[in-house]
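Engineer: One file is attached below, run-v9.json, containing JSON, C-alpha atoms.
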```json
[["chain", "number", "residue", "atom", "x", "y", "z"],
["A", 1, "MET", "CA", 8.63, -11.72, 40.28],
["A", 2, "ALA", "CA", 6.34, -9.35, 42.18],
["A", 3, "ARG", "CA", 7.85, -10.55, 45.49],
["A", 4, "LEU", "CA", 11.37, -9.81, 44.28],
["A", 5, "LEU", "CA", 10.54, -6.35, 43.04],
["A", 6, "GLY", "CA", 7.96, -5.37, 45.70],
["A", 7, "ASP", "CA", 5.44, -2.84, 44.42],
["A", 8, "ALA", "CA", 7.63, -2.18, 41.38],
["A", 9, "GLY", "CA", 6.87, -5.71, 40.15],
["A", 10, "GLY", "CA", 3.16, -4.97, 39.94],
["A", 11, "THR", "CA", 3.89, -1.71, 38.19],
["A", 12, "VAL", "CA", 6.20, -3.44, 35.68],
["A", 13, "SER", "CA", 3.55, -6.11, 34.98],
["A", 14, "LEU", "CA", 0.85, -3.49, 34.52],
["A", 15, "ALA", "CA", 3.09, -1.43, 32.23],
["A", 16, "LEU", "CA", 3.92, -4.51, 30.15],
["A", 17, "ALA", "CA", 0.27, -5.51, 29.83],
["A", 18, "THR", "CA", -0.68, -1.94, 28.88],
["A", 19, "ALA", "CA", 2.04, -1.86, 26.21],
["A", 20, "ILE", "CA", 0.80, -5.13, 24.69],
["A", 21, "VAL", "CA", -2.81, -3.91, 24.58],
["A", 22, "LEU", "CA", -1.88, -0.51, 23.13],
["A", 23, "SER", "CA", 0.34, -2.05, 20.47],
["A", 24, "SER", "CA", -2.48, -4.31, 19.33],
["A", 25, "ILE", "CA", -4.89, -1.35, 19.19],
["A", 26, "ALA", "CA", -2.40, 0.77, 17.24],
["A", 27, "SER", "CA", -1.90, -1.99, 14.70],
["A", 28, "CYS", "CA", -5.65, -1.98, 13.97],
["A", 29, "SER", "CA", -5.70, 1.65, 12.81],
["A", 30, "GLY", "CA", -4.90, 0.92, 9.18],
["A", 31, "ILE", "CA", -3.09, -1.60, 7.04],
["A", 32, "LYS", "CA", 0.69, -1.32, 7.06],
["A", 33, "CYS", "CA", 2.65, -2.34, 3.98],
["A", 34, "TYR", "CA", 6.24, -2.27, 2.84],
["A", 35, "LYS", "CA", 6.90, 0.50, 0.34],
["A", 36, "CYS", "CA", 9.96, 0.24, -1.87],
["A", 37, "ASN", "CA", 11.18, -0.27, -5.43],
["A", 38, "SER", "CA", 14.17, -2.49, -6.24],
["A", 39, "HIS", "CA", 15.12, -0.17, -9.11],
["A", 40, "TYR", "CA", 16.11, 2.43, -6.50],
["A", 41, "ASP", "CA", 16.89, 0.12, -3.55],
["A", 42, "LYS", "CA", 18.23, -3.37, -4.30],
["A", 43, "ARG", "CA", 17.19, -4.55, -0.81],
["A", 44, "CYS", "CA", 13.57, -4.39, -1.98],
["A", 45, "GLY", "CA", 14.06, -7.24, -4.44],
["A", 46, "ASP", "CA", 13.93, -10.95, -3.81],
["A", 47, "THR", "CA", 15.39, -11.98, -1.42],
["A", 48, "PHE", "CA", 13.74, -9.21, 0.58],
["A", 49, "ASN", "CA", 15.44, -7.49, 3.51],
["A", 50, "ASN", "CA", 12.53, -6.21, 5.61],
["A", 51, "TYR", "CA", 14.85, -4.94, 8.35],
["A", 52, "THR", "CA", 16.00, -2.03, 6.22],
["A", 53, "THR", "CA", 12.81, -1.29, 4.28],
["A", 54, "GLU", "CA", 10.13, 1.12, 5.39],
["A", 55, "LEU", "CA", 6.81, -0.23, 6.71],
["A", 56, "ILE", "CA", 4.23, 2.52, 6.27],
["A", 57, "ASN", "CA", 0.72, 3.12, 7.54],
["A", 58, "CYS", "CA", -1.23, 3.22, 4.27],
["A", 59, "GLU", "CA", -3.89, 5.58, 5.69],
["A", 60, "GLN", "CA", -1.22, 8.27, 5.67],
["A", 61, "GLU", "CA", -0.89, 7.84, 1.90],
["A", 62, "ASP", "CA", -4.64, 8.30, 1.16],
["A", 63, "HIS", "CA", -4.19, 12.00, 0.31],
["A", 64, "ARG", "CA", -2.05, 11.03, -2.70],
["A", 65, "MET", "CA", -4.83, 8.97, -4.28],
["A", 66, "ASN", "CA", -7.20, 11.74, -5.38],
["A", 67, "HIS", "CA", -6.84, 10.57, -9.01],
["A", 68, "LEU", "CA", -8.65, 7.27, -8.30],
["A", 69, "PRO", "CA", -12.31, 6.78, -9.22],
["A", 70, "LEU", "CA", -14.85, 6.87, -6.41],
["A", 71, "GLN", "CA", -16.63, 3.78, -5.11],
["A", 72, "GLU", "CA", -20.23, 3.13, -6.18],
["A", 73, "ASP", "CA", -21.51, 4.95, -3.08],
["A", 74, "GLY", "CA", -19.47, 8.06, -3.95],
["A", 75, "THR", "CA", -16.84, 7.66, -1.22],
["A", 76, "PRO", "CA", -13.13, 7.43, -1.92],
["A", 77, "TYR", "CA", -11.38, 4.08, -1.70],
["A", 78, "LYS", "CA", -9.33, 3.46, 1.45],
["A", 79, "ALA", "CA", -6.09, 1.48, 1.41],
["A", 80, "ASN", "CA", -7.03, -2.06, 2.39],
["A", 81, "ILE", "CA", -4.47, -4.27, 0.66],
["A", 82, "CYS", "CA", -0.73, -4.56, 0.20],
["A", 83, "ARG", "CA", 0.76, -5.20, -3.22],
["A", 84, "LYS", "CA", 3.88, -6.86, -4.51],
["A", 85, "THR", "CA", 4.55, -6.44, -8.21],
["A", 86, "VAL", "CA", 7.39, -8.04, -10.14],
["A", 87, "GLN", "CA", 8.04, -6.31, -13.47],
["A", 88, "ILE", "CA", 10.29, -7.89, -16.05],
["A", 89, "ILE", "CA", 11.15, -5.51, -18.85],
["A", 90, "ALA", "CA", 13.55, -7.00, -21.37],
["A", 91, "GLU", "CA", 16.38, -8.26, -19.13],
["A", 92, "GLU", "CA", 15.66, -6.10, -16.04],
["A", 93, "THR", "CA", 13.56, -7.33, -13.11],
["A", 94, "ARG", "CA", 12.04, -4.84, -10.67],
["A", 95, "VAL", "CA", 10.14, -5.59, -7.46],
["A", 96, "ILE", "CA", 7.71, -2.94, -6.23],
["A", 97, "ARG", "CA", 6.04, -3.24, -2.82],
["A", 98, "SER", "CA", 3.28, -0.78, -1.90],
["A", 99, "CYS", "CA", -0.17, -0.10, -0.50],
["A", 100, "GLY", "CA", -3.23, -0.83, -2.59],
["A", 101, "TRP", "CA", -6.55, 0.96, -2.86],
["A", 102, "LEU", "CA", -8.38, -0.65, -5.76],
["A", 103, "PRO", "CA", -9.46, -4.28, -5.78],
["A", 104, "ASN", "CA", -8.32, -6.66, -8.49],
["A", 105, "PRO", "CA", -10.23, -6.38, -11.79],
["A", 106, "GLU", "CA", -13.58, -8.21, -11.82],
["A", 107, "ASN", "CA", -12.28, -11.16, -13.85],
["A", 108, "MET", "CA", -9.48, -11.69, -11.28],
["A", 109, "LYS", "CA", -11.17, -10.69, -8.03],
["A", 110, "ASP", "CA", -10.85, -14.15, -6.48],
["A", 111, "ARG", "CA", -7.12, -14.41, -7.18],
["A", 112, "ASP", "CA", -4.30, -13.31, -4.93],
["A", 113, "CYS", "CA", -1.82, -13.23, -7.83],
["A", 114, "PHE", "CA", -1.95, -12.93, -11.58],
["A", 115, "THR", "CA", 0.41, -12.46, -14.52],
["A", 116, "ARG", "CA", 0.10, -10.03, -17.39],
["A", 117, "THR", "CA", 2.28, -9.86, -20.47],
["A", 118, "GLY", "CA", 2.52, -7.01, -22.91],
["A", 119, "THR", "CA", 4.42, -5.76, -25.87],
["A", 120, "HIS", "CA", 8.14, -4.95, -25.94],
["A", 121, "GLN", "CA", 9.14, -7.87, -23.70],
["A", 122, "VAL", "CA", 7.11, -6.72, -20.67],
["A", 123, "MET", "CA", 5.76, -9.16, -18.07],
["A", 124, "VAL", "CA", 4.13, -8.28, -14.75],
["A", 125, "TYR", "CA", 3.47, -10.69, -11.88],
["A", 126, "HIS", "CA", 1.14, -8.99, -9.40],
["A", 127, "CYS", "CA", 0.03, -10.17, -5.94],
["A", 128, "VAL", "CA", -2.28, -8.61, -3.34],
["A", 129, "CYS", "CA", -2.75, -9.52, 0.32],
["A", 130, "THR", "CA", -4.72, -8.16, 3.27],
["A", 131, "GLY", "CA", -2.52, -8.36, 6.39],
["A", 132, "ASP", "CA", 0.01, -5.97, 7.84],
["A", 133, "ALA", "CA", 3.44, -6.41, 6.20],
["A", 134, "CYS", "CA", 2.07, -9.22, 4.03],
["A", 135, "ASN", "CA", 3.90, -7.95, 0.94],
["A", 136, "ALA", "CA", 7.22, -9.14, 2.34],
["A", 137, "ALA", "CA", 8.84, -12.27, 0.98],
["A", 138, "SER", "CA", 8.53, -14.02, 4.32],
["A", 139, "GLN", "CA", 6.06, -13.76, 7.17],
["A", 140, "THR", "CA", 8.54, -15.22, 9.70],
["A", 141, "LYS", "CA", 8.99, -11.94, 11.60],
["A", 142, "THR", "CA", 5.23, -11.45, 12.06],
["A", 143, "VAL", "CA", 4.62, -15.05, 13.11],
["A", 144, "LEU", "CA", 7.48, -14.94, 15.62],
["A", 145, "SER", "CA", 6.12, -11.72, 17.15],
["A", 146, "VAL", "CA", 2.69, -13.25, 17.68],
["A", 147, "LEU", "CA", 4.16, -16.44, 19.13],
["A", 148, "PHE", "CA", 6.34, -14.43, 21.53],
["A", 149, "ALA", "CA", 3.36, -12.37, 22.70],
["A", 150, "LEU", "CA", 1.27, -15.52, 23.29],
["A", 151, "ALA", "CA", 4.12, -17.21, 25.14],
["A", 152, "SER", "CA", 4.50, -14.15, 27.39],
["A", 153, "LEU", "CA", 0.86, -14.13, 28.57],
["A", 154, "PRO", "CA", 1.25, -16.92, 31.19],
["A", 155, "LEU", "CA", 4.24, -15.08, 32.66],
["A", 156, "LEU", "CA", 2.15, -11.94, 33.05],
["A", 157, "PHE", "CA", -0.68, -13.73, 34.81],
["A", 158, "ARG", "CA", 1.66, -15.68, 37.08],
["A", 159, "SER", "CA", 3.38, -12.51, 38.22],
["A", 160, "GLY", "CA", 0.18, -11.23, 39.80],
["A", 161, "LEU", "CA", -1.27, -9.05, 37.09]]
```
For this file, produce the structure as structure tokens.

Structural biologist:
Amino acid sequence: MARLLGDAGGTVSLALATAIVLSSIASCSGIKCYKCNSHYDKRCGDTFNNYTTELINCEQEDHRMNHLPLQEDGTPYKANICRKTVQIIAEETRVIRSCGWLPNPENMKDRDCFTRTGTHQVMVYHCVCTGDACNAASQTKTVLSVLFALASLPLLFRSGL
């Protein structure tokens, strides 16, 4: 490829490699979760349409969490999990996807998901996860992105990078 493009080929390869490195660094800055509520946007429900739903950097939401208790060392909690909550109230089901700051309660800390039921026909199914965009219904998009990046590496090295 470098022979066909002359010096531009080397520049293209370098630019592509730089973009891959920078995108991986940027994704490490803070957890990114889907944020939506199926009560207001039906695409948030199951089946989930992650092409039209906002993926947010949870660190940018930290300022809204000043009502949370502090950690044992006196520092505020940082967003480190994504949440997916399914609420069933009477006959209505709502799916809420968001960032999470507090860990699961002590008696459920080793669980990714749990169910709670309450009065007045209320049931909540709640899941937490720790990877970017993990509160989607499917991880296919993320897996395909990683596979594409890995498959592209030999092409970069062959082109004289």

Engineer: What is the atom CA of A:Glu59-atom CA of A:Thr93 distance in Å, reported with one decimal?

Structural biologist: 28.7 Å

Engineer: So what do you get for atom CA of A:Val124 versus atom CA of A:Ile56, distance-wise?

Structural biologist: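 Taking atom CA of A:Val124 and atom CA of A:Ile56, their separation equals 23.6 Å.
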
Engineer: For the atom pair atom CA of A:Cys82 and atom CA of A:Arg97, what is the interatomic distance in Å to one decimal place?

Structural biologist: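 Taking atom CA of A:Cys82 and atom CA of A:Arg97, their separation equals 7.5 Å.
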
Engineer: Return the single residue from A:Gly74, A:Gly118, A:Pro105, A:Gly100 that is closest to A:Cys134, with distances computed using all atoms listed in the file.

Structural biologist: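 Checking each of A:Gly74, A:Gly118, A:Pro105, A:Gly100 against A:Cys134, counting all atoms listed in the file, the winner is A:Gly100.
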
Engineer: Residues near stretch 64-69 of chain A, anyone? I mean within 10 Å using all atoms listed in the file, not counting same-chain ones fewer than 6 positions away, as a PDB file with C-alpha atoms, in the frame of the given file.

Structural biologist:
```pdb
ATOM      1  CA  THR A  75     -16.840   7.660  -1.220  1.00  0.00           C
ATOM      2  CA  PRO A  76     -13.130   7.430  -1.920  1.00  0.00           C
ATOM      3  CA  TYR A  77     -11.380   4.080  -1.700  1.00  0.00           C
ATOM      4  CA  LYS A  78      -9.330   3.460   1.450  1.00  0.00           C
ATOM      5  CA  ALA A  79      -6.090   1.480   1.410  1.00  0.00           C
ATOM      6  CA  TRP A 101      -6.550   0.960  -2.860  1.00  0.00           C
ATOM      7  CA  LEU A 102      -8.380  -0.650  -5.760  1.00  0.00           C
TER       8      LEU A 102
END
```

Engineer: Would you kindly return, as a list in words, each protein, DNA or RNA residue with an atom no farther than 8 Å from any atom of A:Ala90, considering all atoms listed in the file and excluding same-chain residues fewer than 4 positions away?

Structural biologist: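 Contacts, in chain order: His120, Gln121 and Val122 of chain A.
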
Engineer: So which residues touch stretch 36-53 of chain A within 6 Å, counting only C-alpha atoms, skipping near sequence neighbours fewer than 4 positions away, as an MDAnalysis selection string?

Structural biologist: chainID A and resid 94:97 137

Engineer: In terms of the shortest atom-to-atom distance over only C-alpha atoms, which of A:Cys129, A:Leu70, A:Cys99, A:Ile89 is closest to A:Asn57?

Structural biologist: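 The answer is A:Cys99, which sits nearest to A:Asn57.
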
Engineer: Which of these residues is nearest to A:Ala136, using all atoms listed in the file: A:Leu55, A:Met123, A:Met108, A:Ile31?

Structural biologist: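 Distance minimum relative to A:Ala136 lands on A:Leu55.
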